[in-house]
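A.B. asks: Below is the file run27.cif, which contains mmCIF, C-alpha atoms and all ligand atoms.
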data_my_file
loop_
_atom_site.group_PDB
_atom_site.id
_atom_site.type_symbol
_atom_site.label_atom_id
_atom_site.label_comp_id
_atom_site.auth_asym_id
_atom_site.auth_seq_id
_atom_site.Cartn_x
_atom_site.Cartn_y
_atom_site.Cartn_z
ATOM 1 C CA MET J 1 0.000 0.000 0.000
ATOM 2 C CA PRO J 2 1.503 3.354 -0.992
ATOM 3 C CA VAL J 3 1.911 5.992 1.719
ATOM 4 C CA LEU J 4 0.870 8.609 -0.802
ATOM 5 C CA GLU J 5 -0.933 8.368 -4.113
ATOM 6 C CA VAL J 6 -1.660 11.314 -6.360
ATOM 7 C CA LYS J 7 -3.960 10.985 -9.368
ATOM 8 C CA ASN J 8 -4.325 13.526 -12.152
ATOM 9 C CA LEU J 9 -3.451 16.532 -10.020
ATOM 10 C CA THR J 10 -3.910 19.866 -11.759
ATOM 11 C CA LYS J 11 -3.257 23.313 -10.365
ATOM 12 C CA GLU J 12 -3.617 26.616 -12.160
ATOM 13 C CA PHE J 13 -2.896 30.172 -11.098
ATOM 14 C CA ARG J 14 -4.704 33.302 -12.214
ATOM 15 C CA TYR J 15 -2.511 35.935 -13.804
ATOM 16 C CA SER J 16 -3.088 39.709 -13.622
ATOM 17 C CA THR J 17 -4.484 39.577 -17.150
ATOM 18 C CA GLY J 18 -7.291 37.394 -15.749
ATOM 19 C CA ILE J 19 -6.138 34.293 -17.588
ATOM 20 C CA PHE J 20 -5.820 31.009 -15.688
ATOM 21 C CA LEU J 21 -2.761 28.987 -16.651
ATOM 22 C CA PRO J 22 -2.060 25.459 -15.461
ATOM 23 C CA VAL J 23 1.252 25.060 -13.641
ATOM 24 C CA ILE J 24 0.895 21.329 -13.226
ATOM 25 C CA SER J 25 -1.521 19.204 -15.184
ATOM 26 C CA ASP J 26 -2.542 15.587 -14.792
ATOM 27 C CA VAL J 27 0.294 14.778 -12.406
ATOM 28 C CA SER J 28 0.075 11.219 -11.046
ATOM 29 C CA PHE J 29 2.525 9.311 -8.848
ATOM 30 C CA ARG J 30 2.793 6.984 -5.855
ATOM 31 C CA ILE J 31 5.225 6.973 -2.976
ATOM 32 C CA GLU J 32 5.780 3.748 -1.054
ATOM 33 C CA LYS J 33 6.811 3.268 2.550
ATOM 34 C CA ASN J 34 10.507 4.016 3.162
ATOM 35 C CA GLU J 35 11.098 5.383 -0.333
ATOM 36 C CA ARG J 36 13.238 8.437 -1.054
ATOM 37 C CA VAL J 37 11.834 9.960 -4.200
ATOM 38 C CA GLY J 38 13.413 12.901 -5.985
ATOM 39 C CA LEU J 39 11.370 15.581 -7.743
ATOM 40 C CA LEU J 40 13.614 17.413 -10.179
ATOM 41 C CA GLY J 41 12.729 20.283 -12.464
ATOM 42 C CA LYS J 42 13.803 23.679 -13.688
ATOM 43 C CA ILE J 43 13.075 26.927 -11.839
ATOM 44 C CA GLY J 44 9.352 27.645 -11.851
ATOM 45 C CA SER J 45 8.469 24.208 -13.206
ATOM 46 C CA GLY J 46 5.906 23.508 -10.465
ATOM 47 C CA LYS J 47 7.896 21.446 -7.948
ATOM 48 C CA SER J 48 6.838 23.415 -4.867
ATOM 49 C CA THR J 49 3.294 23.610 -6.230
ATOM 50 C CA ILE J 50 3.176 19.795 -6.144
ATOM 51 C CA GLY J 51 4.689 19.694 -2.628
ATOM 52 C CA LEU J 52 2.260 22.288 -1.275
ATOM 53 C CA SER J 53 -0.748 20.758 -3.050
ATOM 54 C CA ILE J 54 -0.245 17.271 -1.622
ATOM 55 C CA LEU J 55 -0.270 18.780 1.865
ATOM 56 C CA ARG J 56 -3.270 20.943 0.943
ATOM 57 C CA LEU J 57 -1.334 24.097 1.737
ATOM 58 C CA LEU J 58 -2.453 24.953 -1.797
ATOM 59 C CA GLU J 59 -5.789 23.606 -2.970
ATOM 60 C CA PRO J 60 -5.478 21.721 -6.261
ATOM 61 C CA VAL J 61 -8.000 22.547 -8.992
ATOM 62 C CA SER J 62 -8.644 18.893 -9.728
ATOM 63 C CA GLY J 63 -7.231 15.474 -9.003
ATOM 64 C CA GLU J 64 -7.221 13.031 -6.142
ATOM 65 C CA ILE J 65 -4.865 12.620 -3.187
ATOM 66 C CA TYR J 66 -4.747 9.477 -1.051
ATOM 67 C CA TYR J 67 -2.860 8.985 2.232
ATOM 68 C CA ASN J 68 -2.598 5.268 3.052
ATOM 69 C CA ASN J 69 -5.424 4.566 0.575
ATOM 70 C CA LYS J 70 -7.753 7.142 2.192
ATOM 71 C CA ARG J 71 -8.873 9.972 -0.059
ATOM 72 C CA VAL J 72 -7.990 13.308 1.558
ATOM 73 C CA ASP J 73 -8.425 15.961 -1.150
ATOM 74 C CA ASN J 74 -12.206 16.075 -0.847
ATOM 75 C CA ILE J 75 -12.556 16.093 2.946
ATOM 76 C CA SER J 76 -13.092 19.288 4.938
ATOM 77 C CA LYS J 77 -10.111 21.325 6.146
ATOM 78 C CA LYS J 78 -11.090 20.380 9.688
ATOM 79 C CA ALA J 79 -11.144 16.655 8.926
ATOM 80 C CA PHE J 80 -7.857 17.010 7.081
ATOM 81 C CA ARG J 81 -6.199 18.404 10.215
ATOM 82 C CA SER J 82 -5.908 14.922 11.697
ATOM 83 C CA TYR J 83 -3.743 13.901 8.714
ATOM 84 C CA ARG J 84 -1.429 16.877 9.094
ATOM 85 C CA LYS J 85 0.506 14.992 11.765
ATOM 86 C CA GLN J 86 1.403 12.228 9.328
ATOM 87 C CA PHE J 87 2.545 14.462 6.468
ATOM 88 C CA GLN J 88 5.068 17.242 6.926
ATOM 89 C CA ILE J 89 7.030 19.678 4.779
ATOM 90 C CA ILE J 90 10.399 21.340 5.404
ATOM 91 C CA PHE J 91 11.386 24.381 3.358
ATOM 92 C CA GLN J 92 14.665 25.817 2.118
ATOM 93 C CA ASP J 93 14.310 28.995 4.123
ATOM 94 C CA SER J 94 14.609 27.856 7.725
ATOM 95 C CA SER J 95 14.699 31.498 8.915
ATOM 96 C CA SER J 96 11.176 32.212 7.785
ATOM 97 C CA SER J 97 9.935 28.767 8.835
ATOM 98 C CA LEU J 98 10.799 29.436 12.471
ATOM 99 C CA ASN J 99 8.992 31.997 14.594
ATOM 100 C CA PRO J 100 11.533 34.779 15.339
ATOM 101 C CA VAL J 101 10.005 35.792 18.660
ATOM 102 C CA TYR J 102 10.122 32.379 20.340
ATOM 103 C CA THR J 103 13.128 30.434 21.593
ATOM 104 C CA VAL J 104 13.856 26.965 20.217
ATOM 105 C CA ASP J 105 12.536 25.518 23.471
ATOM 106 C CA GLU J 106 9.242 27.396 23.220
ATOM 107 C CA GLN J 107 8.711 26.427 19.580
ATOM 108 C CA LEU J 108 9.292 22.721 20.160
ATOM 109 C CA LYS J 109 7.365 22.549 23.450
ATOM 110 C CA GLU J 110 4.346 24.180 21.843
ATOM 111 C CA LEU J 111 4.157 21.424 19.225
ATOM 112 C CA PHE J 112 4.442 18.557 21.699
ATOM 113 C CA LEU J 113 1.618 20.078 23.744
ATOM 114 C CA PHE J 114 -0.480 21.018 20.694
ATOM 115 C CA HIS J 115 -0.379 17.463 19.355
ATOM 116 C CA LYS J 116 -0.990 16.164 22.926
ATOM 117 C CA LEU J 117 2.077 13.948 22.641
ATOM 118 C CA CYS J 118 3.036 14.446 26.276
ATOM 119 C CA GLY J 119 2.076 16.410 29.363
ATOM 120 C CA ARG J 120 3.774 19.523 30.771
ATOM 121 C CA ASP J 121 5.620 17.387 33.321
ATOM 122 C CA SER J 122 7.621 15.472 30.689
ATOM 123 C CA VAL J 123 7.793 18.015 27.866
ATOM 124 C CA ASP J 124 11.357 19.153 28.725
ATOM 125 C CA LYS J 125 12.641 15.620 28.340
ATOM 126 C CA HIS J 126 10.841 15.256 25.002
ATOM 127 C CA VAL J 127 12.362 18.505 23.721
ATOM 128 C CA ASP J 128 15.859 17.327 24.737
ATOM 129 C CA ASN J 129 15.356 13.991 22.941
ATOM 130 C CA SER J 130 14.060 15.753 19.878
ATOM 131 C CA LEU J 131 17.124 18.021 19.745
ATOM 132 C CA SER J 132 19.500 15.157 20.361
ATOM 133 C CA GLU J 133 17.979 13.145 17.473
ATOM 134 C CA THR J 134 18.966 15.930 15.096
ATOM 135 C CA GLY J 135 22.426 16.315 16.645
ATOM 136 C CA LEU J 136 21.712 19.496 18.608
ATOM 137 C CA LYS J 137 22.832 20.110 22.189
ATOM 138 C CA PRO J 138 20.269 21.042 24.873
ATOM 139 C CA GLU J 139 22.084 24.386 25.395
ATOM 140 C CA ILE J 140 20.596 25.556 22.118
ATOM 141 C CA LYS J 141 17.133 25.619 23.686
ATOM 142 C CA THR J 142 17.319 29.132 25.061
ATOM 143 C CA LYS J 143 18.355 30.632 21.714
ATOM 144 C CA TYR J 144 16.167 32.561 19.305
ATOM 145 C CA PRO J 145 16.280 31.631 15.589
ATOM 146 C CA HIS J 146 18.509 34.636 14.723
ATOM 147 C CA GLU J 147 21.105 33.324 17.199
ATOM 148 C CA LEU J 148 21.469 30.018 15.322
ATOM 149 C CA SER J 149 23.666 29.112 12.354
ATOM 150 C CA THR J 150 21.900 28.151 9.099
ATOM 151 C CA GLY J 151 22.712 24.472 9.669
ATOM 152 C CA GLU J 152 21.392 24.626 13.249
ATOM 153 C CA LYS J 153 18.197 26.326 12.081
ATOM 154 C CA GLN J 154 17.589 23.611 9.495
ATOM 155 C CA ARG J 155 18.138 20.926 12.171
ATOM 156 C CA VAL J 156 15.557 22.658 14.389
ATOM 157 C CA CYS J 157 13.146 22.580 11.422
ATOM 158 C CA ILE J 158 13.804 18.849 11.010
ATOM 159 C CA ALA J 159 13.333 18.272 14.769
ATOM 160 C CA ARG J 160 10.064 20.188 14.593
ATOM 161 C CA ALA J 161 8.800 18.203 11.600
ATOM 162 C CA LEU J 162 9.579 14.921 13.391
ATOM 163 C CA ILE J 163 7.655 15.737 16.567
ATOM 164 C CA SER J 164 4.328 14.411 15.280
ATOM 165 C CA ASN J 165 6.043 11.193 14.111
ATOM 166 C CA PRO J 166 5.217 11.652 10.401
ATOM 167 C CA GLU J 167 5.172 8.894 7.800
ATOM 168 C CA PHE J 168 6.089 11.182 4.931
ATOM 169 C CA ILE J 169 8.072 14.419 4.639
ATOM 170 C CA VAL J 170 8.413 16.731 1.654
ATOM 171 C CA LEU J 171 11.917 18.238 1.660
ATOM 172 C CA ASP J 172 11.645 21.366 -0.489
ATOM 173 C CA GLU J 173 15.195 22.441 -1.429
ATOM 174 C CA ILE J 174 16.185 22.002 2.198
ATOM 175 C CA THR J 175 19.923 22.098 1.570
ATOM 176 C CA SER J 176 19.995 24.970 -0.948
ATOM 177 C CA SER J 177 21.077 27.570 1.601
ATOM 178 C CA LEU J 178 23.739 25.318 3.142
ATOM 179 C CA ASP J 179 27.417 24.910 2.257
ATOM 180 C CA VAL J 180 28.603 21.491 1.038
ATOM 181 C CA VAL J 181 29.746 20.356 4.497
ATOM 182 C CA ASN J 182 26.415 21.154 6.120
ATOM 183 C CA GLU J 183 24.535 19.690 3.171
ATOM 184 C CA LYS J 184 26.299 16.354 3.611
ATOM 185 C CA ILE J 185 25.618 16.376 7.370
ATOM 186 C CA ILE J 186 21.915 17.110 6.891
ATOM 187 C CA ILE J 187 21.478 14.508 4.140
ATOM 188 C CA ASP J 188 23.235 11.833 6.229
ATOM 189 C CA LEU J 189 21.075 12.825 9.193
ATOM 190 C CA LEU J 190 17.874 12.376 7.153
ATOM 191 C CA ILE J 191 19.010 8.915 6.024
ATOM 192 C CA GLU J 192 19.847 8.001 9.629
ATOM 193 C CA ILE J 193 16.429 9.205 10.812
ATOM 194 C CA GLN J 194 14.702 7.222 8.057
ATOM 195 C CA LYS J 195 16.402 4.016 9.202
ATOM 196 C CA LYS J 196 15.081 4.505 12.724
ATOM 197 C CA ARG J 197 11.620 5.797 11.943
ATOM 198 C CA SER J 198 10.564 4.356 8.550
ATOM 199 C CA ILE J 199 9.736 7.651 6.893
ATOM 200 C CA SER J 200 9.220 8.254 3.175
ATOM 201 C CA TYR J 201 10.779 11.399 1.734
ATOM 202 C CA MET J 202 10.114 13.433 -1.390
ATOM 203 C CA LEU J 203 13.176 15.561 -2.091
ATOM 204 C CA ILE J 204 12.498 18.603 -4.265
ATOM 205 C CA THR J 205 15.704 19.863 -5.815
ATOM 206 C CA HIS J 206 17.558 21.228 -8.863
ATOM 207 C CA ASP J 207 20.665 19.345 -7.800
ATOM 208 C CA ILE J 208 21.043 16.240 -9.965
ATOM 209 C CA LYS J 209 24.047 14.897 -8.019
ATOM 210 C CA LEU J 210 22.201 15.265 -4.734
ATOM 211 C CA ALA J 211 19.094 13.546 -6.135
ATOM 212 C CA LEU J 212 21.181 10.673 -7.511
ATOM 213 C CA PHE J 213 22.910 10.226 -4.158
ATOM 214 C CA PHE J 214 19.837 10.516 -1.948
ATOM 215 C CA CYS J 215 16.942 9.115 -3.949
ATOM 216 C CA ASN J 216 15.888 5.587 -4.859
ATOM 217 C CA ARG J 217 13.664 6.944 -7.603
ATOM 218 C CA ILE J 218 13.619 10.184 -9.573
ATOM 219 C CA MET J 219 10.706 12.031 -11.150
ATOM 220 C CA LEU J 220 11.093 15.011 -13.408
ATOM 221 C CA ILE J 221 8.619 17.778 -14.053
ATOM 222 C CA ASN J 222 8.594 19.433 -17.454
ATOM 223 C CA ASN J 223 5.942 21.805 -18.831
ATOM 224 C CA GLY J 224 3.608 20.817 -16.015
ATOM 225 C CA LYS J 225 3.897 17.093 -16.814
ATOM 226 C CA LEU J 226 5.592 14.531 -14.619
ATOM 227 C CA VAL J 227 7.851 11.833 -15.995
ATOM 228 C CA GLU J 228 9.582 9.034 -14.186
ATOM 229 C CA ILE J 229 13.292 8.822 -15.009
ATOM 230 C CA GLU J 230 14.292 5.303 -15.967
ATOM 231 C CA ASP J 231 17.842 6.071 -17.073
ATOM 232 C CA LYS J 232 19.335 7.508 -13.905
ATOM 233 C CA SER J 233 22.621 8.694 -15.398
ATOM 234 C CA GLU J 234 23.753 12.214 -14.636
ATOM 235 C CA ASP J 235 24.331 12.942 -18.334
ATOM 236 C CA LYS J 236 20.812 11.976 -19.348
ATOM 237 C CA ILE J 237 19.224 14.088 -16.641
ATOM 238 C CA SER J 238 21.562 17.034 -17.372
ATOM 239 C CA GLU J 239 20.438 16.968 -21.006
ATOM 240 C CA TYR J 240 16.941 17.853 -19.876
ATOM 241 C CA PHE J 241 18.199 20.842 -17.875
ATOM 242 C CA LYS J 242 20.108 22.156 -20.912
ATOM 243 C CA SER J 243 17.152 21.793 -23.273
HETATM 244 N N1 LIG J 301 0.504 31.835 -5.577
HETATM 245 C C1 LIG J 301 0.826 31.919 -6.861
HETATM 246 N N2 LIG J 301 0.162 32.754 -7.715
HETATM 247 C C2 LIG J 301 0.473 32.803 -9.018
HETATM 248 N N3 LIG J 301 1.453 32.086 -9.593
HETATM 249 C C3 LIG J 301 2.155 31.243 -8.818
HETATM 250 C C4 LIG J 301 1.898 31.124 -7.396
HETATM 251 N N4 LIG J 301 2.766 30.225 -6.880
HETATM 252 C C5 LIG J 301 3.531 29.806 -7.912
HETATM 253 N N5 LIG J 301 3.163 30.422 -9.057
HETATM 254 C C6 LIG J 301 3.764 30.194 -10.387
HETATM 255 O O1 LIG J 301 3.700 28.807 -10.671
HETATM 256 C C7 LIG J 301 4.890 28.380 -11.317
HETATM 257 C C8 LIG J 301 5.480 27.230 -10.559
HETATM 258 O O2 LIG J 301 5.937 27.680 -9.284
HETATM 259 P P1 LIG J 301 6.654 26.720 -8.241
HETATM 260 O O3 LIG J 301 6.975 27.534 -7.045
HETATM 261 O O4 LIG J 301 5.835 25.507 -8.048
HETATM 262 O O5 LIG J 301 7.978 26.329 -9.043
HETATM 263 P P2 LIG J 301 9.274 25.539 -8.537
HETATM 264 O O6 LIG J 301 9.510 24.457 -9.529
HETATM 265 O O7 LIG J 301 9.142 25.172 -7.112
HETATM 266 O O8 LIG J 301 10.394 26.663 -8.747
HETATM 267 P P3 LIG J 301 11.755 26.923 -7.928
HETATM 268 O O9 LIG J 301 12.735 25.931 -8.458
HETATM 269 O O10 LIG J 301 12.122 28.305 -8.296
HETATM 270 O O11 LIG J 301 11.479 26.761 -6.467
HETATM 271 C C9 LIG J 301 5.791 29.592 -11.424
HETATM 272 O O12 LIG J 301 5.674 30.109 -12.709
HETATM 273 C C10 LIG J 301 5.228 30.549 -10.400
HETATM 274 O O13 LIG J 301 5.435 31.874 -10.774
HETATM 275 MG MG MG J 302 10.171 25.739 -5.381
#
Go through the file and emit its structure as structure tokens.
Ligand SMILES: Nc1ncnc2c1ncn2[C@@H]1O[C@H](COP(=O)(O)OP(=O)(O)OP(=O)(O)O)[C@@H](O)[C@H]1O
Ligand SMILES: [Mg+2]

C.D. replies:
Amino acid sequence: MPVLEVKNLTKEFRYSTGIFLPVISDVSFRIEKNERVGLLGKIGSGKSTIGLSILRLLEPVSGEIYYNNKRVDNISKKAFRSYRKQFQIIFQDSSSSLNPVYTVDEQLKELFLFHKLCGRDSVDKHVDNSLSETGLKPEIKTKYPHELSTGEKQRVCIARALISNPEFIVLDEITSSLDVVNEKIIIDLLIEIQKKRSISYMLITHDIKLALFFCNRIMLINNGKLVEIEDKSEDKISEYFKS
């Protein structure tokens, strides 16, 4: 049973001229348990639109979305809230993902309590475990986002996404603002976490080398259409980016 199945997803945006243009059309794919699937495509090709649509952060115009064989695109926003725990997204820009006026401790605690994953008596311990899983020391707790390095911020975002014990995480260009050393650390960390927790990932990226290293399967979006890449050689995929 796939963790996620998307059938004929279409999303269009209205331009200032009043015309509606499809960004993605008839996009269908499945993601199985424990898979790491890459979604490659040029700038503006619709990658983030797909990521946001499957989490209903953008409402698709048409199509069907199934989480563990349950259709979720046609249920109310309120009913969908119970699925939000299972499906998470992490963005490139960790600075704007974190709330600047709360410390790391406050931001993580709030989520544990919101999802009713523990009581106030044990929340400190849960926050410490959550930080330690992403390689962060407890001392970081009292810091505000602007006091963290970019790599630390991205780890806090990962820790935050893991709190609700998700089955699937969309990683939207999460290493684009990191240097190569930090990128390697974060990618290895995600693989490590997957081994322990059985999570499926969809990595959205422009980086062919990264996708080839990280992903078991690669999909490519071109002119709003999705294609599965059979020939996973760097040269073949690069050809598409040059065309
Ligand atoms: N809210 C919106 N209103 C109108 N147009 C939008 C909106 N969001 C995205 N678009 C347009 O849809 C297209 C696809 O955008 P999207 O962000 O999905 O691309 P992307 O592949 O993630 O690009 P990038 O690699 O730059 O992140 C772009 O042309 C973009 O301008
Ligand atoms: Mg994008």

A.B. asks: Mind listing whatever residues come within 12 Å of the point (-7.4, 19.5, 6.9)? Use all atoms listed in the file, file coordinates, and give them as a PyMOL selection string.

C.D. replies: chain J and resi 54-59+71-87

A.B. asks: May I ask which of the residues J:Leu111, J:Ile163, J:Leu171, J:Ile229 is the closest one to Arg197 (chain J), counting only C-alpha atoms?

C.D. replies: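 Looking only at the distances to Arg197 (chain J), the closest residue turns out to be J:Ile163.
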
A.B. asks: Check which residues of chain J sit at most 6 Å from ligand LIG 301 (chain J) using all atoms listed in the file, and return one row each with the closest pair of atoms and their distance in Å to one decimal, ordered by chain and rising number, as CSV.

C.D. replies:
residue,atom,partner,partner_atom,distance
J:Phe13,CA,J:LIG301,C2,4.8
J:Val23,CA,J:LIG301,O1,5.4
J:Lys42,CA,J:LIG301,O9,5.8
J:Ile43,CA,J:LIG301,O9,3.5
J:Gly44,CA,J:LIG301,O5,3.4
J:Ser45,CA,J:LIG301,O6,3.8
J:Gly46,CA,J:LIG301,O4,3.1
J:Lys47,CA,J:LIG301,O6,3.8
J:Ser48,CA,J:LIG301,O7,3.7
J:Thr49,CA,J:LIG301,O4,3.7

A.B. asks: What would the selection look like, as a VMD selection string, if the PyMOL selection byres (((chain J and resi 200) around 6) and not hetatm) were run on the coordinates I just shared?

C.D. replies: chain J and resid 33 to 36 168 199 201

A.B. asks: For C-alpha atoms, I'd like the residues from the last selection saved as a PDB file, in the frame of the given file.

C.D. replies:
ATOM      1  CA  LYS J  33       6.811   3.268   2.550  1.00  0.00           C
ATOM      2  CA  ASN J  34      10.507   4.016   3.162  1.00  0.00           C
ATOM      3  CA  GLU J  35      11.098   5.383  -0.333  1.00  0.00           C
ATOM      4  CA  ARG J  36      13.238   8.437  -1.054  1.00  0.00           C
ATOM      5  CA  PHE J 168       6.089  11.182   4.931  1.00  0.00           C
ATOM      6  CA  ILE J 199       9.736   7.651   6.893  1.00  0.00           C
ATOM      7  CA  TYR J 201      10.779  11.399   1.734  1.00  0.00           C
TER       8      TYR J 201
END

A.B. asks: To one decimal place in Å, what is the distance between CA of Lys153 (chain J) and CA of Asp188 (chain J)?

C.D. replies: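 Separation between CA of Lys153 (chain J) and CA of Asp188 (chain J): 16.4 Å.
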
A.B. asks: Within 12 Å of Pro22 (chain J), counting all atoms listed in the file, which residues qualify if same-chain residues fewer than 5 places away don't, as a ChimeraX atom specification?

C.D. replies: /J:9-15,27,45-46,49,60-62,223-225

A.B. asks: Using only C-alpha atoms and all ligand atoms for the distances, tell me which of J:Ile90, J:Cys215, J:Ile187, J:Leu162 is nearest to ligand MG 302 (chain J).

C.D. replies: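 The closest residue to ligand MG 302 (chain J) is J:Ile90.
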
A.B. asks: Counting all atoms listed in the file, which of J:Glu106, J:Asp93, J:Glu230, J:Glu133 gets nearest to ligand MG 302 (chain J)?

C.D. replies: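 Once distances to ligand MG 302 (chain J) are computed over all atoms listed in the file, the minimum belongs to J:Asp93.
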
A.B. asks: Please reconstruct the missing atoms of region 145-158 of chain J (target: N, CA and C atoms) and return them as a tab-separated table (two decimals), keeping the file's coordinate frame.

C.D. replies:
chain	number	residue	atom	x	y	z
J	145	PRO	N	15.81	32.04	16.92
J	145	PRO	CA	16.28	31.63	15.59
J	145	PRO	C	17.45	32.48	15.05
J	146	HIS	N	17.43	33.82	15.30
J	146	HIS	CA	18.51	34.64	14.72
J	146	HIS	C	19.86	34.37	15.39
J	147	GLU	N	19.84	33.65	16.51
J	147	GLU	CA	21.10	33.32	17.20
J	147	GLU	C	21.68	31.97	16.76
J	148	LEU	N	21.02	31.35	15.78
J	148	LEU	CA	21.47	30.02	15.32
J	148	LEU	C	22.16	30.12	13.97
J	149	SER	N	23.07	29.17	13.70
J	149	SER	CA	23.67	29.11	12.35
J	149	SER	C	22.62	28.53	11.39
J	150	THR	N	22.87	28.67	10.08
J	150	THR	CA	21.90	28.15	9.10
J	150	THR	C	21.70	26.64	9.26
J	151	GLY	N	22.81	25.92	9.49
J	151	GLY	CA	22.71	24.47	9.67
J	151	GLY	C	21.91	24.12	10.92
J	152	GLU	N	22.14	24.88	12.01
J	152	GLU	CA	21.39	24.63	13.25
J	152	GLU	C	19.90	24.90	13.05
J	153	LYS	N	19.61	25.99	12.33
J	153	LYS	CA	18.20	26.33	12.08
J	153	LYS	C	17.50	25.19	11.31
J	154	GLN	N	18.21	24.66	10.30
J	154	GLN	CA	17.59	23.61	9.49
J	154	GLN	C	17.38	22.35	10.34
J	155	ARG	N	18.33	22.07	11.27
J	155	ARG	CA	18.14	20.93	12.17
J	155	ARG	C	16.93	21.14	13.08
J	156	VAL	N	16.73	22.38	13.54
J	156	VAL	CA	15.56	22.66	14.39
J	156	VAL	C	14.28	22.41	13.57
J	157	CYS	N	14.32	22.82	12.29
J	157	CYS	CA	13.15	22.58	11.42
J	157	CYS	C	12.89	21.08	11.27
J	158	ILE	N	13.96	20.31	11.14
J	158	ILE	CA	13.80	18.85	11.01
J	158	ILE	C	13.24	18.29	12.33
